[in-house]
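Enquirer: Mind looking over this structure? Questions follow.
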Amino acid sequence: MTQDDFISLIQSYGTTPSHWPDDRRAAGLRFLSDFPEDAKLLMGEDAALDEFLSAGNQSFDTELLKRRIAKKIAQTPQKVQPRTSPRWGAMAAMLAVSFTLGVLGGRSWPVGTPIEQEAVSEDVTQYAEAADTLGMTDIYEWVAGDEL
Amino acid sequence: MRLIRTSRSDRSQGDPDQELIDRIADGDQRAFSELMDRHLGTIVGLATHMLGDRFAAEDIAQTVFMKTWQTLPNWQSGQAKLITWMRKVATNQCLDRLRAARLVYSDNLPDNPDMSPDQSDLMIAQDRANAVHSALATLPDRQRAALSLSYFQHVSQKDGASILNVSESAYESLLVRARKSLKQSLDLTGNEQLNAGVKS
């Protein structure tokens, strides 16, 4: 670790090695042991700041607060989400929709495309009109001719 | 009951609170009491350093633990550790509260602490902790949060960055600026010449 690296380390995390990042602690400690006098001078103002801040390290009596929270949670149900995972739920919903659309479509839509449907109904009309023009004699002749 | 539960072997390696998480997820209030024994002081401490007000800090801690109680049945193990998530919720709650307070009391920002020798001695004798809170209150919110997490909570660089939603280098930059501001406001910057002497 260079001197600049060491300065950068203490300016960020202070002079207490346990506060230093894991990946730089060993190198920082090596700098401290290799250059103790330099390190002491470099740490001057940050050591003073750490000393000042250390007064803020208090322990907090939380017994009353703990009882208050415990009382509250006893009255508060937990928010439990449904057991099924979202993926299964979505798949089930898609299948249900597909099935419904399929059934409805099968019932209400005629077979074939609209153009085919129009052509079929036109043929039926033509045959019906042609049959109307035939007399009974024509029909007997047509049937007799067929038998021959 | 939960969305995703990892296997026991996956869980055992990560979060030291995993066993409590499982029990609380099943509605065990005794386990929740154990969780409070472990972390309530930590969260109150973080909020106190952020807000400088013990009562407001307790309010924040209560909110964090209520959220924890309600969230754990759906907790997805294997992501953040529980305490990191709780610190994140607490930090965000504090930042929101500081923002709201500034909107209401924008003319009433805290004064810089008076650190002249007489006053300093008096403060140290009377209430050094309050002096620290006053000094922290002079910092911008996110710098204060970074310093609280790093110095008082001993949170790693990675976790601190994750809690504040910034990169690790941005987190380190917040720390440098926070410490620099405090050194200046506390008049601790007299060693610059000494530093220069070492360098030359």
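Chain labels A, B, ... are given in the sequence in which chains occur in the structure tokens; within each chain residues are numbered consecutively from 1, and ligands are likewise numbered from 1 in the order shown.
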Residues at most 6 Å from Leu53 of chain A, counting only C-alpha atoms, excluding those fewer than 3 positions away in the same chain, as a list in words?

Expert: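 Returned residues: Asp50 and Gly56 of chain A; Val132 of chain B.
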
Enquirer: So that I have them on file, write out the residues from the current selection with N, CA and C atoms, as a tab-separated table (two decimals), in the first residue's frame.

Expert:
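Okay, this is what ended up in result-v7.tsv:
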chain	number	residue	atom	x	y	z
A	50	ASP	N	-12.13	10.52	15.09
A	50	ASP	CA	-12.62	9.24	15.62
A	50	ASP	C	-12.82	9.31	17.13
A	56	GLY	N	-20.26	9.13	20.59
A	56	GLY	CA	-21.62	8.83	20.11
A	56	GLY	C	-21.95	7.34	20.14
B	132	VAL	N	-21.87	15.00	19.52
B	132	VAL	CA	-21.71	14.19	18.31
B	132	VAL	C	-22.96	14.31	17.44

Enquirer: Excluding same-chain residues fewer than 2 positions from segment 26-35 of chain A, what lies within 10 Å of it counting only C-alpha atoms, as a PyMOL selection string?

Expert: chain A and resi 1-3+5-7+9-10+15+17+20-24+37-40

Enquirer: Considering only C-alpha atoms, give me a table of residues in chain A that are at most 8 Å from chain B, with the closest atom pair and distance in Å for each, as JSON lines.

Expert:
{"residue": "A:Gln3", "atom": "CA", "partner": "B:Lys199", "partner_atom": "CA", "distance": 7.9}
{"residue": "A:Gln11", "atom": "CA", "partner": "B:Val176", "partner_atom": "CA", "distance": 5.6}
{"residue": "A:Ser12", "atom": "CA", "partner": "B:Val176", "partner_atom": "CA", "distance": 4.6}
{"residue": "A:Tyr13", "atom": "CA", "partner": "B:Leu175", "partner_atom": "CA", "distance": 7.2}
{"residue": "A:His19", "atom": "CA", "partner": "B:His154", "partner_atom": "CA", "distance": 6.0}
{"residue": "A:Pro21", "atom": "CA", "partner": "B:Gln157", "partner_atom": "CA", "distance": 6.4}
{"residue": "A:Asp38", "atom": "CA", "partner": "B:Val198", "partner_atom": "CA", "distance": 6.2}
{"residue": "A:Leu41", "atom": "CA", "partner": "B:Leu194", "partner_atom": "CA", "distance": 6.4}
{"residue": "A:Leu42", "atom": "CA", "partner": "B:Asn195", "partner_atom": "CA", "distance": 5.4}
{"residue": "A:Gly44", "atom": "CA", "partner": "B:Asn191", "partner_atom": "CA", "distance": 6.4}
{"residue": "A:Glu45", "atom": "CA", "partner": "B:Leu188", "partner_atom": "CA", "distance": 5.5}
{"residue": "A:Asp46", "atom": "CA", "partner": "B:Lys183", "partner_atom": "CA", "distance": 7.7}
{"residue": "A:Ala48", "atom": "CA", "partner": "B:Leu188", "partner_atom": "CA", "distance": 7.0}
{"residue": "A:Leu49", "atom": "CA", "partner": "B:Lys183", "partner_atom": "CA", "distance": 6.5}
{"residue": "A:Phe52", "atom": "CA", "partner": "B:Val132", "partner_atom": "CA", "distance": 7.2}
{"residue": "A:Leu53", "atom": "CA", "partner": "B:Val132", "partner_atom": "CA", "distance": 6.0}
{"residue": "A:Ala55", "atom": "CA", "partner": "B:Ala129", "partner_atom": "CA", "distance": 5.1}
{"residue": "A:Gly56", "atom": "CA", "partner": "B:Ala129", "partner_atom": "CA", "distance": 4.6}
{"residue": "A:Asn57", "atom": "CA", "partner": "B:Phe152", "partner_atom": "CA", "distance": 6.6}
{"residue": "A:Gln58", "atom": "CA", "partner": "B:Ala129", "partner_atom": "CA", "distance": 7.7}
{"residue": "A:Ser59", "atom": "CA", "partner": "B:Gly41", "partner_atom": "CA", "distance": 7.2}
{"residue": "A:Phe60", "atom": "CA", "partner": "B:Gly41", "partner_atom": "CA", "distance": 5.7}
{"residue": "A:Asp61", "atom": "CA", "partner": "B:Gly41", "partner_atom": "CA", "distance": 7.4}
{"residue": "A:Thr62", "atom": "CA", "partner": "B:Gly41", "partner_atom": "CA", "distance": 6.4}
{"residue": "A:Leu65", "atom": "CA", "partner": "B:Glu58", "partner_atom": "CA", "distance": 7.1}
{"residue": "A:Lys66", "atom": "CA", "partner": "B:Met36", "partner_atom": "CA", "distance": 6.8}
{"residue": "A:Ile69", "atom": "CA", "partner": "B:Gln62", "partner_atom": "CA", "distance": 6.2}
{"residue": "A:Ala70", "atom": "CA", "partner": "B:Ser33", "partner_atom": "CA", "distance": 7.0}
{"residue": "A:Ile73", "atom": "CA", "partner": "B:Met66", "partner_atom": "CA", "distance": 6.8}
{"residue": "A:Ala74", "atom": "CA", "partner": "B:Gln29", "partner_atom": "CA", "distance": 7.5}
{"residue": "A:Pro77", "atom": "CA", "partner": "B:Gln70", "partner_atom": "CA", "distance": 7.5}
{"residue": "A:Gln78", "atom": "CA", "partner": "B:Gln70", "partner_atom": "CA", "distance": 4.6}
{"residue": "A:Lys79", "atom": "CA", "partner": "B:Gln70", "partner_atom": "CA", "distance": 5.3}
{"residue": "A:Val80", "atom": "CA", "partner": "B:Pro73", "partner_atom": "CA", "distance": 5.7}
{"residue": "A:Gln81", "atom": "CA", "partner": "B:Asn74", "partner_atom": "CA", "distance": 6.6}
{"residue": "A:Pro82", "atom": "CA", "partner": "B:Met1", "partner_atom": "CA", "distance": 6.8}
{"residue": "A:Arg83", "atom": "CA", "partner": "B:Met1", "partner_atom": "CA", "distance": 5.1}
{"residue": "A:Thr84", "atom": "CA", "partner": "B:Leu3", "partner_atom": "CA", "distance": 7.5}
{"residue": "A:Ser85", "atom": "CA", "partner": "B:Leu3", "partner_atom": "CA", "distance": 6.1}

Enquirer: Measuring between only C-alpha atoms, which one of B:Val64, B:Ala31, B:Leu95, B:Ala101 shows the shortest distance to Ile83 of chain B?

Expert: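 The answer is B:Val64, which sits nearest to Ile83 of chain B.
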
Enquirer: Kindly give the distance, in Å, that separates atom CA of Gln93 of chain B and atom CA of Asp28 of chain B, rounded to a single decimal.

Expert: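 Result for atom CA of Gln93 of chain B versus atom CA of Asp28 of chain B: 26.1 Å, one decimal.
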
Enquirer: Out of B:Ala80, B:Arg97, B:Ser181, B:Asp159, which residue has the shortest atom-to-atom distance to Ala47 of chain B when counting only C-alpha atoms?

Expert: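 Closest to Ala47 of chain B, using only C-alpha atoms: B:Arg97.
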
Enquirer: Which distance in Å separates atom CA of Met50 of chain B and atom CA of Ala145 of chain B, to one decimal?

Expert: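 That distance, rounded to one decimal, is 6.1 Å.
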
Enquirer: Please report the interatomic distance between atom CA of Asp15 of chain B and atom CA of Gln79 of chain B in Å with one decimal.

Expert: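 These atoms are spaced 9.4 Å apart.
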
Enquirer: I need the residues in segment 18-186 of chain B that are helix (DSSP H, G or I) according to DSSP; give them as a ChimeraX atom specification.

Expert: /B:18-25,29-51,54-74,82-104,117-137,141-152,157-163,168-185
